[in-house]
Structures are given as structure tokens and as C-alpha cells.
>>> print(open('run_30.txt').read())   # compact mmCIF, C-alpha atoms
# COMPACT_ATOMS: atom_id res chain seq x y z
CA ASP A 1 106.50 -35.99 -129.61
CA ALA A 2 104.35 -37.37 -132.41
CA LYS A 3 102.47 -34.77 -134.44
CA THR A 4 99.18 -34.75 -136.28
CA THR A 5 98.21 -33.01 -139.52
CA GLN A 6 94.67 -31.89 -140.31
CA PRO A 7 93.10 -29.70 -143.01
CA ASN A 8 92.58 -26.12 -141.85
CA SER A 9 88.88 -26.05 -142.65
CA MET A 10 85.99 -28.12 -143.99
CA GLU A 11 82.38 -27.40 -144.85
CA SER A 12 79.33 -29.59 -144.61
CA ASN A 13 75.61 -29.31 -145.17
CA GLU A 14 73.28 -29.88 -142.26
CA GLU A 15 72.11 -33.48 -141.81
CA GLU A 16 74.82 -34.84 -144.11
CA PRO A 17 77.73 -37.01 -142.96
CA VAL A 18 81.12 -35.40 -142.35
CA HIS A 19 84.48 -37.13 -142.57
CA LEU A 20 87.32 -35.27 -140.84
CA PRO A 21 90.76 -36.70 -141.73
CA CYS A 22 93.93 -36.74 -139.66
CA ASN A 23 97.45 -37.90 -140.51
CA HIS A 24 99.81 -39.11 -137.79
CA SER A 25 102.59 -40.89 -139.61
CA THR A 26 105.01 -40.81 -136.63
CA ILE A 27 102.59 -42.42 -134.18
CA SER A 28 104.17 -44.89 -131.78
CA GLY A 29 102.70 -48.27 -130.97
CA THR A 30 101.37 -47.18 -127.58
CA ASP A 31 99.90 -43.78 -128.55
CA TYR A 32 96.13 -43.47 -128.38
CA ILE A 33 94.29 -41.36 -130.98
CA HIS A 34 91.92 -38.88 -129.37
CA TRP A 35 89.52 -36.36 -130.90
CA TYR A 36 88.31 -33.24 -129.13
CA ARG A 37 86.22 -30.34 -130.30
CA GLN A 38 86.19 -26.73 -129.19
CA LEU A 39 83.36 -24.26 -129.43
CA PRO A 40 84.16 -20.52 -129.37
CA SER A 41 85.26 -19.25 -125.94
CA GLN A 42 85.10 -22.72 -124.40
CA GLY A 43 87.57 -25.40 -123.39
CA PRO A 44 87.98 -28.48 -125.60
CA GLU A 45 85.42 -31.25 -125.19
CA TYR A 46 86.21 -34.96 -125.58
CA VAL A 47 84.63 -36.67 -128.59
CA ILE A 48 86.12 -40.15 -129.00
CA HIS A 49 89.36 -42.14 -128.79
CA GLY A 50 90.83 -45.40 -130.10
CA LEU A 51 94.00 -47.44 -130.37
CA THR A 52 93.70 -49.86 -133.30
CA SER A 53 90.07 -50.78 -133.90
CA ASN A 54 87.27 -48.58 -135.18
CA VAL A 55 85.16 -47.08 -132.40
CA ASN A 56 81.60 -45.80 -132.14
CA ASN A 57 79.91 -43.72 -129.47
CA ARG A 58 76.82 -41.54 -129.26
CA MET A 59 78.67 -38.53 -130.70
CA ALA A 60 80.70 -39.96 -133.55
CA SER A 61 82.65 -42.83 -135.09
CA LEU A 62 86.41 -43.17 -135.39
CA ALA A 63 87.94 -45.08 -138.27
CA ILE A 64 91.62 -45.98 -137.83
CA ALA A 65 93.79 -47.09 -140.74
CA GLU A 66 95.33 -50.52 -140.49
CA ASP A 67 98.86 -49.06 -140.27
CA ARG A 68 97.58 -46.44 -137.74
CA LYS A 69 99.19 -43.61 -139.69
CA SER A 70 95.86 -41.92 -140.29
CA SER A 71 92.36 -41.77 -138.86
CA THR A 72 89.00 -40.25 -139.72
CA LEU A 73 86.36 -38.81 -137.42
CA ILE A 74 82.88 -39.41 -138.79
CA LEU A 75 79.89 -37.33 -137.77
CA HIS A 76 76.95 -39.26 -139.18
CA ARG A 77 74.51 -36.37 -139.49
CA ALA A 78 75.98 -32.92 -139.00
CA THR A 79 73.93 -30.36 -137.13
CA LEU A 80 74.52 -26.64 -136.68
CA ARG A 81 75.68 -27.42 -133.13
CA ASP A 82 78.54 -29.50 -134.57
CA ALA A 83 80.22 -26.38 -135.97
CA ALA A 84 83.49 -26.20 -134.04
CA VAL A 85 87.25 -26.68 -134.26
CA TYR A 86 88.07 -30.39 -134.20
CA TYR A 87 91.42 -31.55 -132.89
CA CYS A 88 93.02 -34.91 -133.54
CA ILE A 89 95.68 -35.57 -130.89
CA LEU A 90 97.93 -38.39 -129.83
CA ARG A 91 98.01 -39.26 -126.17
CA GLU A 92 101.16 -40.96 -124.89
CA VAL A 93 101.20 -43.63 -122.19
CA ALA A 94 102.73 -41.06 -119.83
CA GLY A 95 99.74 -38.82 -120.47
CA LYS A 96 101.26 -36.07 -122.61
CA SER A 97 99.06 -34.89 -125.46
CA THR A 98 100.20 -32.88 -128.48
CA PHE A 99 97.57 -30.69 -130.13
CA GLY A 100 97.82 -29.49 -133.73
CA ASP A 101 95.95 -26.50 -135.10
CA GLY A 102 92.75 -28.45 -135.78
CA THR A 103 90.08 -28.35 -138.48
CA THR A 104 87.42 -25.65 -138.40
CA LEU A 105 84.13 -27.29 -139.39
CA THR A 106 81.43 -25.05 -140.85
CA VAL A 107 77.93 -26.51 -141.12
CA LYS A 108 75.60 -24.88 -143.59
CA PRO A 109 71.83 -24.99 -143.07
CA ASN B 1 80.54 -32.39 -109.40
CA ALA B 2 81.89 -29.01 -110.44
CA GLY B 3 84.45 -30.70 -112.72
CA VAL B 4 87.50 -28.56 -113.50
CA THR B 5 87.33 -24.99 -112.25
CA GLN B 6 89.71 -22.15 -113.07
CA THR B 7 90.11 -18.73 -111.50
CA PRO B 8 90.21 -15.96 -112.45
CA LYS B 9 88.26 -15.90 -115.74
CA PHE B 10 90.04 -12.75 -116.91
CA GLN B 11 93.24 -11.05 -115.80
CA VAL B 12 95.27 -8.05 -116.96
CA LEU B 13 98.89 -7.77 -115.82
CA LYS B 14 101.68 -5.32 -116.40
CA THR B 15 105.02 -6.55 -117.71
CA GLY B 16 107.12 -7.90 -114.86
CA GLN B 17 104.26 -8.67 -112.49
CA SER B 18 103.78 -12.17 -111.15
CA MET B 19 100.57 -14.04 -110.54
CA THR B 20 99.11 -17.49 -109.99
CA LEU B 21 96.37 -19.05 -112.09
CA GLN B 22 94.29 -21.44 -110.02
CA CYS B 23 92.99 -24.82 -111.17
CA ALA B 24 91.00 -27.31 -109.12
CA GLN B 25 89.16 -30.54 -109.87
CA ASP B 26 86.78 -32.53 -107.68
CA MET B 27 86.90 -35.83 -109.59
CA ASN B 28 89.89 -37.32 -107.74
CA HIS B 29 91.88 -37.30 -110.97
CA GLU B 30 95.56 -38.14 -110.78
CA TYR B 31 96.66 -36.42 -114.00
CA MET B 32 96.46 -32.65 -114.45
CA SER B 33 97.94 -30.35 -117.05
CA TRP B 34 98.16 -26.74 -118.20
CA TYR B 35 97.89 -25.57 -121.81
CA ARG B 36 98.03 -22.20 -123.47
CA GLN B 37 96.14 -21.27 -126.62
CA ASP B 38 97.18 -18.31 -128.72
CA PRO B 39 94.67 -16.78 -131.16
CA GLY B 40 93.81 -19.07 -134.08
CA MET B 41 96.10 -21.82 -132.87
CA GLY B 42 95.88 -25.14 -131.10
CA LEU B 43 96.73 -25.82 -127.49
CA ARG B 44 100.34 -26.16 -126.36
CA LEU B 45 101.28 -28.09 -123.24
CA ILE B 46 103.06 -26.04 -120.56
CA HIS B 47 103.40 -28.41 -117.58
CA TYR B 48 101.74 -31.58 -116.42
CA SER B 49 101.49 -33.72 -113.30
CA VAL B 50 100.84 -37.46 -112.96
CA GLY B 51 100.07 -37.21 -109.25
CA ALA B 52 100.59 -35.18 -106.09
CA GLY B 53 104.23 -34.20 -105.71
CA ILE B 54 105.14 -35.04 -109.32
CA THR B 55 105.38 -32.48 -112.13
CA ASP B 56 107.09 -32.35 -115.50
CA GLN B 57 107.61 -29.94 -118.38
CA GLY B 58 105.63 -29.85 -121.59
CA GLU B 59 106.39 -28.10 -124.89
CA VAL B 60 106.52 -24.49 -123.64
CA PRO B 61 107.50 -24.42 -119.93
CA ASN B 62 109.73 -21.32 -119.89
CA GLY B 63 108.42 -18.51 -117.69
CA TYR B 64 106.02 -20.76 -115.77
CA ASN B 65 106.23 -22.76 -112.54
CA VAL B 66 103.88 -25.39 -111.16
CA SER B 67 103.50 -27.39 -107.99
CA ARG B 68 101.13 -30.19 -106.99
CA SER B 69 100.80 -30.47 -103.23
CA THR B 70 97.30 -32.01 -103.33
CA THR B 71 95.40 -34.20 -105.79
CA GLU B 72 92.76 -31.51 -106.28
CA ASP B 73 94.84 -28.41 -107.05
CA PHE B 74 97.38 -27.58 -109.74
CA PRO B 75 98.27 -23.86 -109.73
CA LEU B 76 100.29 -22.25 -112.53
CA ARG B 77 102.61 -19.43 -111.54
CA LEU B 78 103.86 -16.75 -113.94
CA LEU B 79 107.17 -15.56 -112.52
CA SER B 80 107.60 -12.28 -114.39
CA ALA B 81 104.85 -11.67 -116.94
CA ALA B 82 105.77 -10.75 -120.51
CA PRO B 83 103.53 -9.63 -123.41
CA SER B 84 104.35 -12.95 -125.15
CA GLN B 85 102.42 -14.70 -122.37
CA THR B 86 99.17 -13.05 -123.45
CA SER B 87 97.00 -16.06 -124.17
CA VAL B 88 94.09 -18.18 -122.98
CA TYR B 89 95.15 -20.75 -120.41
CA PHE B 90 93.34 -24.06 -120.01
CA CYS B 91 93.69 -26.56 -117.22
CA ALA B 92 92.73 -30.20 -117.80
CA SER B 93 92.52 -33.38 -115.76
CA SER B 94 92.07 -37.09 -116.35
CA ARG B 95 91.60 -40.10 -114.10
CA ALA B 96 95.12 -41.32 -114.75
CA ALA B 97 98.00 -40.63 -117.07
CA GLY B 98 97.37 -43.55 -119.41
CA GLY B 99 96.71 -43.15 -123.12
CA PRO B 100 93.00 -44.08 -123.19
CA ARG B 101 91.97 -41.61 -120.49
CA GLU B 102 89.62 -38.82 -121.48
CA GLN B 103 90.73 -35.31 -120.46
CA PHE B 104 88.29 -32.83 -118.91
CA PHE B 105 89.04 -29.17 -119.58
CA GLY B 106 88.25 -26.11 -117.53
CA PRO B 107 86.62 -22.97 -119.00
CA GLY B 108 89.93 -21.12 -119.34
CA THR B 109 91.59 -17.97 -118.04
CA ARG B 110 92.07 -15.14 -120.50
CA LEU B 111 95.31 -13.33 -119.65
CA THR B 112 96.50 -10.05 -121.13
CA VAL B 113 99.98 -8.73 -120.36
CA LEU B 114 100.55 -5.06 -121.16
>>> encode(input="run_30.txt", output="C-alpha cells")
Amino acid sequence: DAKTTQPNSMESNEEEPVHLPCNHSTISGTDYIHWYRQLPSQGPEYVIHGLTSNVNNRMASLAIAEDRKSSTLILHRATLRDAAVYYCILREVAGKSTFGDGTTLTVKP
Amino acid sequence: NAGVTQTPKFQVLKTGQSMTLQCAQDMNHEYMSWYRQDPGMGLRLIHYSVGAGITDQGEVPNGYNVSRSTTEDFPLRLLSAAPSQTSVYFCASSRAAGGPREQFFGPGTRLTVL
């Protein structure tokens, strides 16, 4: 199963952009890149996903490298409610998803 | 829609006891899965199902059984609980098994094995 690597923690100031990196050098051609976030004592919540092209939705943007071996989740203006653990995962065609240990994002007021 | 529901929210077992964690979804999703999350770590896949009657193993299946007799329900059975199974268990579902499908997670069951 393909794995992802993320920094353990990152800090941001409120209302500033945040770029959360993820490496997935063993990604296969059919794996989708998904991002989820998890607040304390809750289940993970979907943020965004993509295959090859950059993606935008109301929560965030996803930038995918041309070789697909890395991606970056972009929160355009961090708020205190964005403080969470962010997981970058690869979802196989068969549906299996492999989670790493995620990045803990701290947002400072 | 209630989404993905899990029962119980909390459970304490003694070593050797068996129990079933319940998971149900009302979104008519084909794909369902079980994860465990140990403190400070990410989620690890235990078992998954791509439809009623079909199940398969994930990364850490030992000590757990699953069955999928209906689309809605995907119970996880602990055969003989061990302290190493102390964890938070999450159930998730998605419309289908394909790569682009968003997964919806339940609120979790916090299990302690003494």
C-alpha cells in the first residue's frame, strides 16, 4: 500500500494562508489523493481530493505536483476553527485508504 | 439523514471477553470500513466491505471479524479482547469503492480492555 509522509506539526497565524505539504512518492497511477481533518474527540472529516489537476472547494485548495509524488493543501485564511490534525491519504481504486500520522495544525490568534 | 452511527460510544471489557461494535449508515453506501486509532497516531484499516456479502482484510485484521449481511450495517466483532485492542474505533462509509469517493466517518467507539 502506498504511504504518505507529512510533517508532525505546523503553526500559523489567524487569517494567514497555510500550506500543508504531503509526500507520496510511491503513489500509483490510479490512486486518488484525499485530505481529511480531525478535531479532538471526533471522526475525520473530508476536506478535498484530486487525481492530477489542482482542485478548489469552499474549504481549501489542493495543489498536486506534475509527477504526483507530492501535494499541498492550502487553507487560504486560517481561522481558529481550522486547528486540527490534517491527514493526507491515498485512496485506491478498490477503496482502501492508508492513513499516516498527520500534521497537527496550530492556529495562533 | 443520520449519516454513520456507531454504538456504543464507550465500552470497558475484561481480557478474554467478546463483543460487537455496531455501525450503521442510512445513505445507501456500498463501501464501509473499520479503522482503529491509537493515542497520538493515525487511523489504521482493520476490515472493509465493497458491498453486502463481500468483506476483506485491511492492515490490522487479527483479532477482529466482520460480516456484511445488509447494505446498512457493518458490525465489528472482537473475538477475545486483549489490552492491545484498547483504542478508538471508527466506522466509515462511501457511496462506492472508487478512488474519488468521499468517506463519511462515524463519531467513534472508545474501547478499553482491562
>>> closest_atom_pairs(input="run_30.txt", of="chain B", to="chain A", cutoff="7 Å", atoms="all atoms listed in the file", output="Markdown table")
| residue | atom | partner | partner_atom | distance |
| --- | --- | --- | --- | --- |
| B:Met41 | CA | A:Asp101 | CA | 5.2 |
| B:Gly42 | CA | A:Asp101 | CA | 4.2 |
| B:Leu43 | CA | A:Phe99 | CA | 5.6 |
| B:Arg44 | CA | A:Phe99 | CA | 6.5 |
| B:Phe90 | CA | A:Gly43 | CA | 6.8 |
| B:Ala97 | CA | A:Gly95 | CA | 4.2 |
| B:Gly98 | CA | A:Val93 | CA | 4.7 |
| B:Gly99 | CA | A:Val93 | CA | 4.6 |
| B:Pro100 | CA | A:Tyr32 | CA | 6.1 |
| B:Glu102 | CA | A:Tyr46 | CA | 6.6 |
| B:Gln103 | CA | A:Tyr46 | CA | 6.8 |
| B:Phe105 | CA | A:Gly43 | CA | 5.6 |
| B:Gly106 | CA | A:Gly43 | CA | 5.9 |
| B:Pro107 | CA | A:Gly43 | CA | 5.1 |
| B:Gly108 | CA | A:Gly43 | CA | 6.3 |
>>> residues_around(input="run_30.txt", residues="Ala24 (chain B)", least_positions_apart="3", cutoff="7 Å", atoms="all atoms listed in the file", output="ChimeraX atom specification")
/B:4-6,72-74
>>> residues_near_point(input="run_30.txt", point="(95.9, -33.7, -105.8)", cutoff="7 Å", atoms="all atoms listed in the file", output="PyMOL selection string")
chain B and resi 30+51-52+68-73
>>> residues_near_point(input="run_30.txt", point="(105.2, -29.9, -118.3)", cutoff="8 Å", atoms="all atoms listed in the file", output="count of residues only")
14
>>> closest_residue(input="run_30.txt", among="B:Asn28, B:Gln37, B:Thr20, B:Asn62", to="Pro75 (chain B)", atoms="only C-alpha atoms")
B:Thr20
>>> atom_distance(input="run_30.txt", atom1="CA of Ala84 (chain A)", atom2="CA of Thr109 (chain B)")
19.7 Å
>>> atom_distance(input="run_30.txt", atom1="CA of Ser87 (chain B)", atom2="CA of Leu111 (chain B)")
5.5 Å
>>> atom_distance(input="run_30.txt", atom1="CA of Ser25 (chain A)", atom2="CA of Leu105 (chain A)")
22.9 Å
>>> closest_residue(input="run_30.txt", among="B:Ile54, B:Gly40, B:Pro8, B:Ala2", to="Gln38 (chain A)", atoms="all atoms listed in the file")
B:Gly40
>>> residues_around(input="run_30.txt", residues="Leu62 (chain A)", least_positions_apart="3", cutoff="6 Å", atoms="all atoms listed in the file", output="PyMOL selection string")
chain A and resi 54-55+72-73
>>> closest_residue(input="run_30.txt", among="B:Val66, B:Val113, B:Cys91, B:Ala82", to="Thr7 (chain B)", atoms="all atoms listed in the file")
B:Cys91
>>> axis_aligned_box(input="run_30.txt", around="region 64-77 of chain B", padding_each_side="6 Å", output="lines of an AutoDock Vina configuration file")
center_x = 99.5
center_y = -26.8
center_z = -109.5
size_x = 25.5
size_y = 26.8
size_z = 24.5
>>> residues_around(input="run_30.txt", residues="Leu13 (chain B)", least_positions_apart="3", cutoff="10 Å", atoms="all atoms listed in the file", output="ChimeraX atom specification")
/B:16-19,80-83,86,111-114
>>> residues_around(input="run_30.txt", residues="Asp67 (chain A)", least_positions_apart="5", cutoff="12 Å", atoms="only C-alpha atoms", output="count of residues only")
10
>>> build_atoms(input="run_30.txt", residues="region 29-52 of chain A", atoms="N, CA and C atoms", output="PDB file, in the frame of the given file")
ATOM      1  N   GLY A  29     103.608 -47.152-131.180  1.00  0.00           N
ATOM      2  CA  GLY A  29     102.700 -48.270-130.970  1.00  0.00           C
ATOM      3  C   GLY A  29     101.789 -48.137-129.761  1.00  0.00           C
ATOM      4  N   THR A  30     102.169 -47.311-128.805  1.00  0.00           N
ATOM      5  CA  THR A  30     101.370 -47.180-127.580  1.00  0.00           C
ATOM      6  C   THR A  30     100.565 -45.886-127.523  1.00  0.00           C
ATOM      7  N   ASP A  31     100.675 -45.034-128.545  1.00  0.00           N
ATOM      8  CA  ASP A  31      99.900 -43.780-128.550  1.00  0.00           C
ATOM      9  C   ASP A  31      98.434 -44.070-128.852  1.00  0.00           C
ATOM     10  N   TYR A  32      97.558 -43.424-128.088  1.00  0.00           N
ATOM     11  CA  TYR A  32      96.130 -43.470-128.380  1.00  0.00           C
ATOM     12  C   TYR A  32      95.757 -42.259-129.239  1.00  0.00           C
ATOM     13  N   ILE A  33      94.802 -42.446-130.130  1.00  0.00           N
ATOM     14  CA  ILE A  33      94.290 -41.360-130.980  1.00  0.00           C
ATOM     15  C   ILE A  33      93.027 -40.814-130.317  1.00  0.00           C
ATOM     16  N   HIS A  34      93.063 -39.537-129.994  1.00  0.00           N
ATOM     17  CA  HIS A  34      91.920 -38.880-129.370  1.00  0.00           C
ATOM     18  C   HIS A  34      91.406 -37.775-130.305  1.00  0.00           C
ATOM     19  N   TRP A  35      90.121 -37.509-130.223  1.00  0.00           N
ATOM     20  CA  TRP A  35      89.520 -36.360-130.900  1.00  0.00           C
ATOM     21  C   TRP A  35      88.777 -35.513-129.873  1.00  0.00           C
ATOM     22  N   TYR A  36      89.010 -34.216-129.962  1.00  0.00           N
ATOM     23  CA  TYR A  36      88.310 -33.240-129.130  1.00  0.00           C
ATOM     24  C   TYR A  36      87.714 -32.186-130.057  1.00  0.00           C
ATOM     25  N   ARG A  37      86.718 -31.472-129.555  1.00  0.00           N
ATOM     26  CA  ARG A  37      86.220 -30.340-130.300  1.00  0.00           C
ATOM     27  C   ARG A  37      86.103 -29.143-129.373  1.00  0.00           C
ATOM     28  N   GLN A  38      86.199 -27.962-129.968  1.00  0.00           N
ATOM     29  CA  GLN A  38      86.190 -26.730-129.190  1.00  0.00           C
ATOM     30  C   GLN A  38      85.240 -25.721-129.809  1.00  0.00           C
ATOM     31  N   LEU A  39      84.266 -25.319-129.019  1.00  0.00           N
ATOM     32  CA  LEU A  39      83.360 -24.260-129.430  1.00  0.00           C
ATOM     33  C   LEU A  39      83.989 -22.920-129.044  1.00  0.00           C
ATOM     34  N   PRO A  40      83.574 -21.832-129.681  1.00  0.00           N
ATOM     35  CA  PRO A  40      84.160 -20.520-129.370  1.00  0.00           C
ATOM     36  C   PRO A  40      84.072 -20.187-127.876  1.00  0.00           C
ATOM     37  N   SER A  41      85.159 -19.693-127.335  1.00  0.00           N
ATOM     38  CA  SER A  41      85.260 -19.250-125.940  1.00  0.00           C
ATOM     39  C   SER A  41      85.017 -20.363-124.927  1.00  0.00           C
ATOM     40  N   GLN A  42      85.239 -21.607-125.333  1.00  0.00           N
ATOM     41  CA  GLN A  42      85.100 -22.720-124.400  1.00  0.00           C
ATOM     42  C   GLN A  42      86.351 -23.590-124.418  1.00  0.00           C
ATOM     43  N   GLY A  43      86.494 -24.425-123.388  1.00  0.00           N
ATOM     44  CA  GLY A  43      87.570 -25.400-123.390  1.00  0.00           C
ATOM     45  C   GLY A  43      87.229 -26.564-124.305  1.00  0.00           C
ATOM     46  N   PRO A  44      88.242 -27.310-124.755  1.00  0.00           N
ATOM     47  CA  PRO A  44      87.980 -28.480-125.600  1.00  0.00           C
ATOM     48  C   PRO A  44      87.102 -29.501-124.880  1.00  0.00           C
ATOM     49  N   GLU A  45      86.344 -30.234-125.692  1.00  0.00           N
ATOM     50  CA  GLU A  45      85.420 -31.250-125.190  1.00  0.00           C
ATOM     51  C   GLU A  45      85.783 -32.578-125.839  1.00  0.00           C
ATOM     52  N   TYR A  46      85.886 -33.638-125.048  1.00  0.00           N
ATOM     53  CA  TYR A  46      86.210 -34.960-125.580  1.00  0.00           C
ATOM     54  C   TYR A  46      85.136 -35.458-126.541  1.00  0.00           C
ATOM     55  N   VAL A  47      85.573 -36.078-127.635  1.00  0.00           N
ATOM     56  CA  VAL A  47      84.630 -36.670-128.590  1.00  0.00           C
ATOM     57  C   VAL A  47      84.745 -38.191-128.584  1.00  0.00           C
ATOM     58  N   ILE A  48      85.961 -38.701-128.851  1.00  0.00           N
ATOM     59  CA  ILE A  48      86.120 -40.150-129.000  1.00  0.00           C
ATOM     60  C   ILE A  48      87.611 -40.476-128.977  1.00  0.00           C
ATOM     61  N   HIS A  49      87.965 -41.726-128.694  1.00  0.00           N
ATOM     62  CA  HIS A  49      89.360 -42.140-128.790  1.00  0.00           C
ATOM     63  C   HIS A  49      89.432 -43.606-129.220  1.00  0.00           C
ATOM     64  N   GLY A  50      90.612 -44.013-129.722  1.00  0.00           N
ATOM     65  CA  GLY A  50      90.830 -45.400-130.100  1.00  0.00           C
ATOM     66  C   GLY A  50      92.303 -45.718-130.173  1.00  0.00           C
ATOM     67  N   LEU A  51      92.609 -47.002-130.265  1.00  0.00           N
ATOM     68  CA  LEU A  51      94.000 -47.440-130.370  1.00  0.00           C
ATOM     69  C   LEU A  51      94.247 -48.094-131.723  1.00  0.00           C
ATOM     70  N   THR A  52      93.516 -49.176-132.031  1.00  0.00           N
ATOM     71  CA  THR A  52      93.700 -49.860-133.300  1.00  0.00           C
ATOM     72  C   THR A  52      92.384 -50.107-134.026  1.00  0.00           C
TER      73      THR A  52
END
